[in-house]
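Following: one structure in structure tokens, then a few remarks.
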Amino acid sequence: MTGAAVMSSLLAAEVPYWASTIIKLGVVALVIPTAALMLGYVFLMKMMSFMQSRLGPMEAGPYGTLQLLADGLKFLQKEDIFPAKADRTVFALAPLVVLVSTFLIYVVIPTGPDAVVAQLDVGIFYALAVSSLSVVGILMAGWASANKYALMGGLRAAGQLIAYELPLVLAVMGVVIQAGTLDLQKIVTAQAEGEIFGWGGIGNPFILTQFVGFFIFLVAVQAETTQPPFDMPVAESEIVGGYQVEYTGFRFLFFFMGEFGTAFAFAALAAVLFLGGWALPWGDLTHWGFNIAGPVILLVKVMAVSALIFWFRFTYPRLREDQLQRLAWKFLIPLSLVNIVVTGIFKVVL
Amino acid sequence: MTAVGADQRQQLAYVATQAADARLNVEIETEGMTLNIGPQHPATHGTLRLVARLDGEQVVEAEPIMGYMHRGYEKLAEVRTYPQVTTLINRIDWLGSFANEVPFILAAEKLMEVEAPPRAQWIRTVLFELSRIANITLFLGDMAVQLGALTPVFMAFRDREFVLNQIEAATGGRFHPNFDRIGGLKDDLPKGWIDDTKQVMEKMRDFCDEFEELVLGNEIFEARTRGIGIVPADVGLSYGLSGANIRASGVDWDLRRDGHEALAYDQVDWKVWTHPDGDSFARYWVRLQETREATHIVDQLLDGLPSGPIMAKVPRIIKVPAGEAYAATENPLGEMGYYVVSKGDLVPFRVKIRSASFSNISITPWLLKGVYVPDIITILASLYFILGDIDR
């Protein structure tokens, strides 16, 4: 009996519905903190430090790897402070709403031919829809904190996220037109089995044809995750952390995990949409081995995209709110519309 | 006259509360938000408080409130002997400490009618320019971090350290040298210091080149600073702006060239930088050019350093003859002057400190009208104040 047979029998094994649900929940619940830790350590702590000619954390664990765990433990020990005039229920719920919205994106990200929590026919539509839920949580946090800085941060976030939802969706449209489906799994296979003008050597990762879409997607992601140069909702030097200003302890930790978890989720979406996801253009895509290799391949691509996202983050100063809106409405949205038209023409012609 | 009945009184009270409510509602609808920026706020680097009345994100009016860090140096100076006063005034503009000592010492020297020997004057000028570089490099990084770019401030701290090392090597103190004496300097320069300093100046020129590309060349930085916080030359002058703030408005005025103090600036070849725009970008640009110019000044001064004593003949116990004197120099933040009144005692009778930041931020109510909240930060950062220099 070969390993292949064992694996396929394991994967094909009928597990009761409740058991599979619990397993899937566990996997997704585990992925968010892991993703946040990984991005936080690799990019926030190390890459940023090296860009700024310093070492970053070096003491906790080998090469400082456990620093974020230590920080997380520290957050858990902190007092859970509610501001005197805060709306307590809303204040307590807001970080959860943000985290749940992040949580929900992970559900549809495929990591292998079978390794996906829920394969939806409208996967990408669903992912973009739930990702915009986080704005509700941020508005709740900004409003319930009873703090002027927090309120300004919440309102800025709302304006920003609504403005950038549109280029995000429109940037994805090009990919959807090319792949002919909204299903993330089928978008992956379409890229792996695709051809560029009849040559299928490396498949057809959509970044080659949709580079404009990829660019718009990255810019919009930067704004969605409120990272510099679009970090006005949290701008430390202006409104001192914005909607997070009154949060302490594990509620703050939730925001932190939400921020990095969302960055990871969007990087994964970008990898799936533009870089071919878990698949390689060679080999049989239905082979069981891709269930093991897929997550690794996807992780490599995610880290590459994240490196790009965080590189922007550590390099650029912050835009002003009106400049951000101008960029979205006067540049990104027209550009993405042009991109859709051109993609459509090519789709019909070729 | 009929007495007011109970019913009527009740009715009147009801009308009164209604009117009060209506007034309250009207106020809630039309009144903007009052935002306290500071005293604890990252953008005020210290304890400046800015009360801003906002309409949305637009500033209706803003008022700076200072005094949270007032340490009473003018009063304290009245109970300290002249050499002891320099310890205090080191801490006024703590980023360019040595530059604070110089005008006070010059004022005291005027009163005592002594003059420091040429070598002391030249070294004074060198250290003066080094503190300018140490001060302004931090501004160059800090302004970027106020605009949200995290990286430049670390580079600024990194390269500023080289300058601080040189100041420490010469004076023994990184931050508060307390090195200037009436009639000269405490010590001569250590061995090898001149060559090291020249190397550091080379590094600082690289730093300036790097920042010219990294920060000034950044499109977002330009978008955030161009046309923000424009100070017309006449308004700036009427508010008493000095230093790079007024030179960025096109006023060609620099006390190093136009002042009357006995420093060695007239011995070297240098240029006063001005910019016609008067906006935040211009202020940053002028400061960057001045830092580079300062490295050239230091290089030239070190090349032509005269030999000789570093201390004039001064009595051991310094008693300053009665009289009044004012000395002002072009400090990193702008004009800094000391008006010293002596009654012939060991201690000064009165010391009036004219610090640059105090005048520089007095323009903020005028400048902040109608700007957006993010621009408050840009303008405050580009005006560049040190809290110790405001409050003394």
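Going by the structure tokens order, chains are called A, B, ..., each with residues numbered from 1, while ligands are numbered from 1 in the order shown.
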Interface rows for chain A against chain B: nearest pair, Å to one decimal, 9 Å, only C-alpha atoms, as CSV:
residue,atom,partner,partner_atom,distance
A:Met48,CA,B:Thr151,CA,8.1
A:Met51,CA,B:Thr151,CA,7.3
A:Gln52,CA,B:Thr151,CA,5.6
A:Ser53,CA,B:Met155,CA,7.3
A:Arg54,CA,B:Phe154,CA,8.4
A:Lys148,CA,B:Leu35,CA,7.2
A:Tyr149,CA,B:Leu35,CA,8.3
A:Met152,CA,B:Glu57,CA,8.2
A:Pro228,CA,B:Gly148,CA,7.0
A:Pro229,CA,B:Gly148,CA,7.4
A:Asp231,CA,B:Gly148,CA,8.1
A:Met232,CA,B:Pro374,CA,8.6
A:Ala235,CA,B:Gly148,CA,7.1
A:Glu236,CA,B:Pro42,CA,7.3
A:Ser237,CA,B:Ala43,CA,5.2
A:Glu238,CA,B:Pro374,CA,6.1
A:Ile239,CA,B:Pro374,CA,8.6
A:Val240,CA,B:Pro42,CA,7.2
A:Arg313,CA,B:Ala149,CA,8.3
A:Phe314,CA,B:Leu150,CA,6.1
A:Thr315,CA,B:Ala149,CA,6.2
A:Tyr316,CA,B:Ala149,CA,5.3
A:Pro317,CA,B:Ala149,CA,3.9
A:Arg318,CA,B:Gly148,CA,4.7
A:Leu319,CA,B:Ile220,CA,6.3
A:Arg320,CA,B:Pro374,CA,6.5
A:Glu321,CA,B:Pro374,CA,8.2
A:Gln323,CA,B:Ala223,CA,8.4
Written selection (C-alpha atoms) as a compact mmCIF listing (two decimals), in the first residue's frame:
# COMPACT_ATOMS: atom_id res chain seq x y z
CA MET A 48 11.13 46.75 8.66
CA MET A 51 15.16 48.56 6.13
CA GLN A 52 15.76 50.91 9.02
CA SER A 53 19.28 49.68 9.78
CA ARG A 54 18.47 47.97 13.04
CA LYS A 148 -12.99 62.33 19.43
CA TYR A 149 -9.85 60.85 17.94
CA MET A 152 -12.51 60.69 13.51
CA PRO A 228 0.61 53.36 4.89
CA PRO A 229 0.36 55.24 2.58
CA ASP A 231 -3.26 54.63 7.14
CA MET A 232 -5.23 57.77 7.94
CA ALA A 235 -2.49 57.76 11.76
CA GLU A 236 -0.41 57.82 14.93
CA SER A 237 1.02 61.26 14.38
CA GLU A 238 -2.38 62.84 13.75
CA ILE A 239 -5.18 61.04 15.53
CA VAL A 240 -3.02 58.81 17.72
CA ARG A 313 4.00 50.19 3.98
CA PHE A 314 7.45 50.95 5.30
CA THR A 315 8.45 53.24 2.46
CA TYR A 316 5.76 55.78 1.84
CA PRO A 317 4.47 58.71 3.83
CA ARG A 318 0.76 59.05 4.41
CA LEU A 319 -1.63 60.66 1.98
CA ARG A 320 -4.26 63.10 3.11
CA GLU A 321 -7.90 62.02 3.19
CA GLN A 323 -5.93 63.01 -1.80
Polymer residues at most 6 Å from Tyr338 of chain B, only C-alpha atoms, same-chain spacing of 6 or more positions, as a ChimeraX atom specification: /B:104,326-327,352-353
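Between atom CA of Ile292 of chain A and atom CA of Leu120 of chain A the interatomic distance comes to 21.3 Å.
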